[in-house]
file final.tsv (TSV, C-alpha atoms)
chain	number	residue	atom	x	y	z
J	1	MET	CA	-16.99	136.95	-132.21
J	2	SER	CA	-16.61	139.70	-129.64
J	3	SER	CA	-18.30	143.05	-130.07
J	4	LEU	CA	-15.88	145.94	-130.39
J	5	PHE	CA	-17.72	147.37	-127.38
J	6	ASP	CA	-16.19	144.59	-125.27
J	7	CYS	CA	-12.84	146.38	-125.38
J	8	LEU	CA	-14.10	149.92	-124.73
J	9	PRO	CA	-14.46	151.64	-121.36
J	10	PRO	CA	-18.05	152.53	-120.30
J	11	GLY	CA	-17.65	156.24	-121.08
J	12	GLN	CA	-16.58	155.50	-124.64
J	13	ARG	CA	-19.47	153.05	-125.10
J	14	ALA	CA	-21.94	155.75	-124.03
J	15	ALA	CA	-20.40	158.29	-126.42
J	16	LEU	CA	-20.69	155.93	-129.39
J	17	SER	CA	-24.03	154.32	-128.62
J	18	GLY	CA	-26.07	157.07	-130.33
J	19	LEU	CA	-24.39	156.60	-133.69
J	20	LYS	CA	-26.15	154.62	-136.38
J	21	ALA	CA	-25.38	153.89	-140.02
J	22	ALA	CA	-27.86	154.53	-142.81
J	23	ASN	CA	-28.32	150.76	-143.13
J	24	GLY	CA	-29.23	150.49	-139.43
J	25	LEU	CA	-25.86	149.14	-138.29
J	26	LYS	CA	-24.95	150.45	-134.82
J	27	PRO	CA	-21.46	150.57	-133.26
J	28	GLU	CA	-22.42	147.86	-130.78
J	29	ASP	CA	-23.26	145.57	-133.74
J	30	ILE	CA	-19.70	145.69	-135.10
J	31	ARG	CA	-17.75	142.56	-134.25
J	32	ILE	CA	-14.10	141.67	-134.40
J	33	GLY	CA	-13.66	139.80	-137.68
J	34	ASP	CA	-16.39	141.71	-139.55
J	35	VAL	CA	-15.59	142.68	-143.13
J	36	PHE	CA	-16.54	145.96	-144.81
J	37	ARG	CA	-16.26	147.07	-148.44
J	38	ILE	CA	-14.55	150.46	-148.53
J	39	ARG	CA	-13.21	153.04	-150.95
J	40	MET	CA	-9.53	153.84	-150.53
J	41	ASP	CA	-7.53	156.57	-152.21
J	42	GLU	CA	-4.20	158.36	-151.98
J	43	SER	CA	-5.06	159.64	-148.49
J	44	ASN	CA	-4.98	155.97	-147.40
J	45	GLY	CA	-1.78	155.20	-149.32
J	46	ILE	CA	-3.65	153.57	-152.22
J	47	ILE	CA	-3.10	154.74	-155.79
J	48	PRO	CA	-6.36	154.62	-157.80
J	49	LYS	CA	-6.34	152.92	-161.20
J	50	ASP	CA	-8.39	152.92	-164.40
J	51	GLY	CA	-9.38	156.60	-164.16
J	52	LEU	CA	-11.15	156.18	-160.81
J	53	ASP	CA	-10.55	158.46	-157.83
J	54	PHE	CA	-10.63	155.47	-155.44
J	55	ARG	CA	-10.04	151.73	-155.32
J	56	PRO	CA	-12.56	149.37	-153.75
J	57	LYS	CA	-11.04	147.28	-150.96
J	58	PHE	CA	-12.15	145.07	-148.10
J	59	PHE	CA	-11.39	146.03	-144.48
J	60	ILE	CA	-11.35	143.46	-141.66
J	61	ILE	CA	-11.98	144.60	-138.06
J	62	LEU	CA	-9.17	143.25	-135.85
J	63	GLY	CA	-9.82	145.07	-132.60
J	64	CYS	CA	-10.08	148.46	-130.99
J	65	ALA	CA	-8.24	150.89	-128.75
J	66	PRO	CA	-9.70	152.40	-125.57
J	67	ASP	CA	-10.34	155.66	-127.45
J	68	GLY	CA	-12.72	153.88	-129.85
J	69	THR	CA	-10.32	153.69	-132.77
J	70	LEU	CA	-10.87	150.48	-134.72
J	71	TYR	CA	-7.89	148.53	-135.92
J	72	GLY	CA	-8.07	146.44	-139.03
J	73	GLY	CA	-7.12	147.44	-142.45
J	74	VAL	CA	-5.54	144.19	-143.19
J	75	VAL	CA	-6.75	144.92	-146.69
J	76	ILE	CA	-7.64	142.10	-149.07
J	77	ASN	CA	-5.88	142.24	-152.44
J	78	LYS	CA	-6.23	140.20	-155.62
J	79	ALA	CA	-2.51	139.42	-155.65
J	80	VAL	CA	0.68	139.98	-153.70
J	81	ASN	CA	2.61	142.93	-155.10
J	82	PRO	CA	5.90	141.50	-156.43
J	83	ASN	CA	7.55	144.93	-156.07
J	84	ILE	CA	7.42	145.03	-152.27
J	85	PRO	CA	10.18	143.54	-150.11
J	86	GLU	CA	10.08	139.76	-149.70
J	87	ALA	CA	9.59	140.10	-145.94
J	88	LYS	CA	6.32	142.01	-146.58
J	89	GLN	CA	5.27	139.55	-149.29
J	90	LYS	CA	5.41	136.79	-146.67
J	91	LEU	CA	2.89	138.73	-144.57
J	92	HIS	CA	0.08	138.07	-147.06
J	93	MET	CA	-2.36	135.28	-146.24
J	94	GLU	CA	-4.14	133.51	-149.09
J	95	ILE	CA	-7.91	133.10	-148.77
J	96	GLN	CA	-10.37	131.48	-151.17
J	97	ARG	CA	-13.84	132.42	-152.40
J	98	LYS	CA	-15.23	129.04	-151.35
J	99	ASP	CA	-14.55	130.09	-147.74
J	100	TYR	CA	-15.47	133.79	-148.10
J	101	GLY	CA	-18.48	134.26	-150.37
J	102	PHE	CA	-18.06	138.04	-150.73
J	103	LEU	CA	-14.79	137.60	-152.68
J	104	THR	CA	-15.01	138.17	-156.43
J	105	ARG	CA	-11.95	136.05	-157.33
J	106	GLU	CA	-11.13	132.42	-156.63
J	107	LYS	CA	-8.28	133.48	-154.37
J	108	SER	CA	-7.22	136.73	-152.77
J	109	TYR	CA	-4.63	137.78	-150.21
J	110	ILE	CA	-5.02	139.47	-146.83
J	111	ASP	CA	-2.24	142.04	-146.50
J	112	CYS	CA	-1.04	141.72	-142.89
J	113	SER	CA	2.06	143.84	-143.50
J	114	LYS	CA	0.38	147.08	-142.41
J	115	VAL	CA	-2.40	147.57	-139.89
J	116	MET	CA	-4.61	150.61	-140.47
J	117	GLN	CA	-6.92	152.41	-138.07
J	118	VAL	CA	-10.24	154.22	-138.48
J	119	SER	CA	-12.96	155.70	-136.31
J	120	VAL	CA	-16.27	153.99	-135.59
J	121	ALA	CA	-18.05	156.90	-137.28
J	122	THR	CA	-16.09	156.21	-140.48
J	123	ILE	CA	-16.88	152.48	-140.35
J	124	LEU	CA	-20.59	153.30	-140.19
J	125	THR	CA	-20.35	154.93	-143.64
J	126	TRP	CA	-19.00	151.74	-145.20
J	127	GLU	CA	-20.79	148.76	-146.72
J	128	TYR	CA	-21.05	145.90	-144.23
J	129	LEU	CA	-20.66	142.47	-145.83

call {"tool": "encode", "arguments": {"input": "final.tsv", "output": "structure tokens"}}
result
Amino acid sequence: MSSLFDCLPPGQRAALSGLKAANGLKPEDIRIGDVFRIRMDESNGIIPKDGLDFRPKFFIILGCAPDGTLYGGVVINKAVNPNIPEAKQKLHMEIQRKDYGFLTREKSYIDCSKVMQVSVATILTWEYL
């Protein structure tokens, strides 16, 4: 997989190269296709359940913009929401635990209907899987 640095201009690489996560992960270590466990809430368009103030989700790195913004956020869900339009339901890709060991269910769904964006600094606060 390509490093996200492969798509950044040299000035942006230099600006990000000093950052480091608590677990030792550096921006230049982040690769397209990497998966992170994150906490999402209403500020991300996710409604928490079961009395929590967040919902745990997985975030897949898809690529980056020249300004260093990471694109991904094809969030992995346990099921396809039957209340969304059929066109959006069709934009969910089934994946199985046998192929992705970090999953907690036999099958889950990557929601490709909405691509989210975050900063590298934010990614470094998340749990890398």

call {"tool": "residues_around", "arguments": {"input": "final.tsv", "residues": "Thr69 (chain J)", "least_positions_apart": "2", "cutoff": "6 Å", "atoms": "all atoms listed in the file", "output": "list in words"}}
result
Cys64, Ala65, Asp67, Val118 and Ser119 of chain J

call {"tool": "residues_around", "arguments": {"input": "final.tsv", "residues": "Ile46 (chain J)", "least_positions_apart": "5", "cutoff": "12 Å", "atoms": "all atoms listed in the file", "output": "number ranges by chain"}}
result
J: 38-41, 52-57, 75, 77

call {"tool": "residues_around", "arguments": {"input": "final.tsv", "residues": "Arg37 (chain J)", "least_positions_apart": "2", "cutoff": "7 Å", "atoms": "all atoms listed in the file", "output": "ChimeraX atom specification"}}
result
/J:35,56-59,126-129

call {"tool": "write_last_selection", "arguments": {"input": "final.tsv", "atoms": "C-alpha atoms", "output": "PDB file, keeping the file's coordinate frame"}}
result
ATOM      1  CA  VAL J  35     -15.590 142.680-143.130  1.00  0.00           C
ATOM      2  CA  PRO J  56     -12.560 149.370-153.750  1.00  0.00           C
ATOM      3  CA  LYS J  57     -11.040 147.280-150.960  1.00  0.00           C
ATOM      4  CA  PHE J  58     -12.150 145.070-148.100  1.00  0.00           C
ATOM      5  CA  PHE J  59     -11.390 146.030-144.480  1.00  0.00           C
ATOM      6  CA  TRP J 126     -19.000 151.740-145.200  1.00  0.00           C
ATOM      7  CA  GLU J 127     -20.790 148.760-146.720  1.00  0.00           C
ATOM      8  CA  TYR J 128     -21.050 145.900-144.230  1.00  0.00           C
ATOM      9  CA  LEU J 129     -20.660 142.470-145.830  1.00  0.00           C
TER      10      LEU J 129
END

call {"tool": "residues_around", "arguments": {"input": "final.tsv", "residues": "Lys88 (chain J)", "least_positions_apart": "4", "cutoff": "9 Å", "atoms": "only C-alpha atoms", "output": "list in words"}}
result
Ile84, His92, Asp111, Cys112, Ser113 and Lys114 of chain J

call {"tool": "write_last_selection", "arguments": {"input": "final.tsv", "atoms": "C-alpha atoms", "output": "mmCIF file, in the coordinates of the input"}}
result
data_model
loop_
_atom_site.group_PDB
_atom_site.id
_atom_site.type_symbol
_atom_site.label_atom_id
_atom_site.label_comp_id
_atom_site.auth_asym_id
_atom_site.auth_seq_id
_atom_site.Cartn_x
_atom_site.Cartn_y
_atom_site.Cartn_z
ATOM 1 C CA ILE J 84 7.420 145.030 -152.270
ATOM 2 C CA HIS J 92 0.080 138.070 -147.060
ATOM 3 C CA ASP J 111 -2.240 142.040 -146.500
ATOM 4 C CA CYS J 112 -1.040 141.720 -142.890
ATOM 5 C CA SER J 113 2.060 143.840 -143.500
ATOM 6 C CA LYS J 114 0.380 147.080 -142.410
#

call {"tool": "residues_around", "arguments": {"input": "final.tsv", "residues": "Ile95 (chain J)", "least_positions_apart": "4", "cutoff": "6 Å", "atoms": "all atoms listed in the file", "output": "PDB file with C-alpha atoms, keeping the file's coordinate frame"}}
result
ATOM      1  CA  LYS J 107      -8.280 133.480-154.370  1.00  0.00           C
ATOM      2  CA  SER J 108      -7.220 136.730-152.770  1.00  0.00           C
ATOM      3  CA  TYR J 109      -4.630 137.780-150.210  1.00  0.00           C
TER       4      TYR J 109
END

call {"tool": "atom_distance", "arguments": {"input": "final.tsv", "atom1": "CA of Pro10 (chain J)", "atom2": "CA of Met116 (chain J)"}}
result
24.3 Å

call {"tool": "atom_distance", "arguments": {"input": "final.tsv", "atom1": "CA of Lys98 (chain J)", "atom2": "CA of Ile76 (chain J)"}}
result
15.3 Å

call {"tool": "closest_residue", "arguments": {"input": "final.tsv", "among": "J:Gly101, J:Gly33, J:Gly24, J:Pro85", "to": "Ser3 (chain J)", "atoms": "all atoms listed in the file"}}
result
J:Gly33

call {"tool": "build_atoms", "arguments": {"input": "final.tsv", "residues": "region 71-95 of chain J", "atoms": "N, CA and C atoms", "output": "PDB file, in the coordinates of the input"}}
result
ATOM      1  N   TYR J  71      -9.071 148.985-135.203  1.00  0.00           N
ATOM      2  CA  TYR J  71      -7.890 148.530-135.920  1.00  0.00           C
ATOM      3  C   TYR J  71      -8.286 147.410-136.840  1.00  0.00           C
ATOM      4  N   GLY J  72      -7.779 147.449-138.023  1.00  0.00           N
ATOM      5  CA  GLY J  72      -8.070 146.440-139.030  1.00  0.00           C
ATOM      6  C   GLY J  72      -7.226 146.807-140.222  1.00  0.00           C
ATOM      7  N   GLY J  73      -7.851 146.970-141.309  1.00  0.00           N
ATOM      8  CA  GLY J  73      -7.120 147.440-142.450  1.00  0.00           C
ATOM      9  C   GLY J  73      -6.147 146.434-142.985  1.00  0.00           C
ATOM     10  N   VAL J  74      -6.264 145.220-142.498  1.00  0.00           N
ATOM     11  CA  VAL J  74      -5.540 144.190-143.190  1.00  0.00           C
ATOM     12  C   VAL J  74      -6.367 144.022-144.469  1.00  0.00           C
ATOM     13  N   VAL J  75      -5.995 144.796-145.460  1.00  0.00           N
ATOM     14  CA  VAL J  75      -6.750 144.920-146.690  1.00  0.00           C
ATOM     15  C   VAL J  75      -6.607 143.646-147.521  1.00  0.00           C
ATOM     16  N   ILE J  76      -7.662 143.284-148.211  1.00  0.00           N
ATOM     17  CA  ILE J  76      -7.640 142.100-149.070  1.00  0.00           C
ATOM     18  C   ILE J  76      -7.326 142.540-150.491  1.00  0.00           C
ATOM     19  N   ASN J  77      -6.314 141.926-151.082  1.00  0.00           N
ATOM     20  CA  ASN J  77      -5.880 142.240-152.440  1.00  0.00           C
ATOM     21  C   ASN J  77      -6.060 141.030-153.350  1.00  0.00           C
ATOM     22  N   LYS J  78      -6.094 141.296-154.660  1.00  0.00           N
ATOM     23  CA  LYS J  78      -6.230 140.200-155.620  1.00  0.00           C
ATOM     24  C   LYS J  78      -4.933 139.433-155.813  1.00  0.00           C
ATOM     25  N   ALA J  79      -3.809 140.070-155.492  1.00  0.00           N
ATOM     26  CA  ALA J  79      -2.510 139.420-155.650  1.00  0.00           C
ATOM     27  C   ALA J  79      -1.509 140.072-154.707  1.00  0.00           C
ATOM     28  N   VAL J  80      -0.407 139.405-154.493  1.00  0.00           N
ATOM     29  CA  VAL J  80       0.680 139.980-153.700  1.00  0.00           C
ATOM     30  C   VAL J  80       1.543 140.802-154.647  1.00  0.00           C
ATOM     31  N   ASN J  81       1.810 142.036-154.280  1.00  0.00           N
ATOM     32  CA  ASN J  81       2.610 142.930-155.100  1.00  0.00           C
ATOM     33  C   ASN J  81       4.052 142.405-155.155  1.00  0.00           C
ATOM     34  N   PRO J  82       4.536 142.033-156.329  1.00  0.00           N
ATOM     35  CA  PRO J  82       5.900 141.500-156.430  1.00  0.00           C
ATOM     36  C   PRO J  82       6.981 142.555-156.241  1.00  0.00           C
ATOM     37  N   ASN J  83       6.585 143.833-156.202  1.00  0.00           N
ATOM     38  CA  ASN J  83       7.550 144.930-156.070  1.00  0.00           C
ATOM     39  C   ASN J  83       7.840 145.319-154.627  1.00  0.00           C
ATOM     40  N   ILE J  84       7.153 144.715-153.677  1.00  0.00           N
ATOM     41  CA  ILE J  84       7.420 145.030-152.270  1.00  0.00           C
ATOM     42  C   ILE J  84       8.485 144.066-151.743  1.00  0.00           C
ATOM     43  N   PRO J  85       9.146 144.417-150.652  1.00  0.00           N
ATOM     44  CA  PRO J  85      10.180 143.540-150.110  1.00  0.00           C
ATOM     45  C   PRO J  85       9.634 142.142-149.787  1.00  0.00           C
ATOM     46  N   GLU J  86      10.481 141.148-149.932  1.00  0.00           N
ATOM     47  CA  GLU J  86      10.080 139.760-149.700  1.00  0.00           C
ATOM     48  C   GLU J  86       9.514 139.557-148.301  1.00  0.00           C
ATOM     49  N   ALA J  87      10.085 140.234-147.317  1.00  0.00           N
ATOM     50  CA  ALA J  87       9.590 140.100-145.940  1.00  0.00           C
ATOM     51  C   ALA J  87       8.118 140.521-145.848  1.00  0.00           C
ATOM     52  N   LYS J  88       7.722 141.579-146.581  1.00  0.00           N
ATOM     53  CA  LYS J  88       6.320 142.010-146.580  1.00  0.00           C
ATOM     54  C   LYS J  88       5.460 141.074-147.423  1.00  0.00           C
ATOM     55  N   GLN J  89       6.020 140.505-148.478  1.00  0.00           N
ATOM     56  CA  GLN J  89       5.270 139.550-149.290  1.00  0.00           C
ATOM     57  C   GLN J  89       4.842 138.346-148.447  1.00  0.00           C
ATOM     58  N   LYS J  90       5.705 137.950-147.526  1.00  0.00           N
ATOM     59  CA  LYS J  90       5.410 136.790-146.670  1.00  0.00           C
ATOM     60  C   LYS J  90       4.303 137.071-145.659  1.00  0.00           C
ATOM     61  N   LEU J  91       3.939 138.348-145.509  1.00  0.00           N
ATOM     62  CA  LEU J  91       2.890 138.730-144.570  1.00  0.00           C
ATOM     63  C   LEU J  91       1.521 138.840-145.248  1.00  0.00           C
ATOM     64  N   HIS J  92       1.359 138.146-146.354  1.00  0.00           N
ATOM     65  CA  HIS J  92       0.080 138.070-147.060  1.00  0.00           C
ATOM     66  C   HIS J  92      -0.476 136.656-146.900  1.00  0.00           C
ATOM     67  N   MET J  93      -1.728 136.585-146.472  1.00  0.00           N
ATOM     68  CA  MET J  93      -2.360 135.280-146.240  1.00  0.00           C
ATOM     69  C   MET J  93      -3.376 135.003-147.348  1.00  0.00           C
ATOM     70  N   GLU J  94      -3.211 133.873-148.017  1.00  0.00           N
ATOM     71  CA  GLU J  94      -4.140 133.510-149.090  1.00  0.00           C
ATOM     72  C   GLU J  94      -5.481 133.067-148.507  1.00  0.00           C
ATOM     73  N   ILE J  95      -6.562 133.564-149.106  1.00  0.00           N
ATOM     74  CA  ILE J  95      -7.910 133.100-148.770  1.00  0.00           C
ATOM     75  C   ILE J  95      -8.639 132.768-150.060  1.00  0.00           C
TER      76      ILE J  95
END
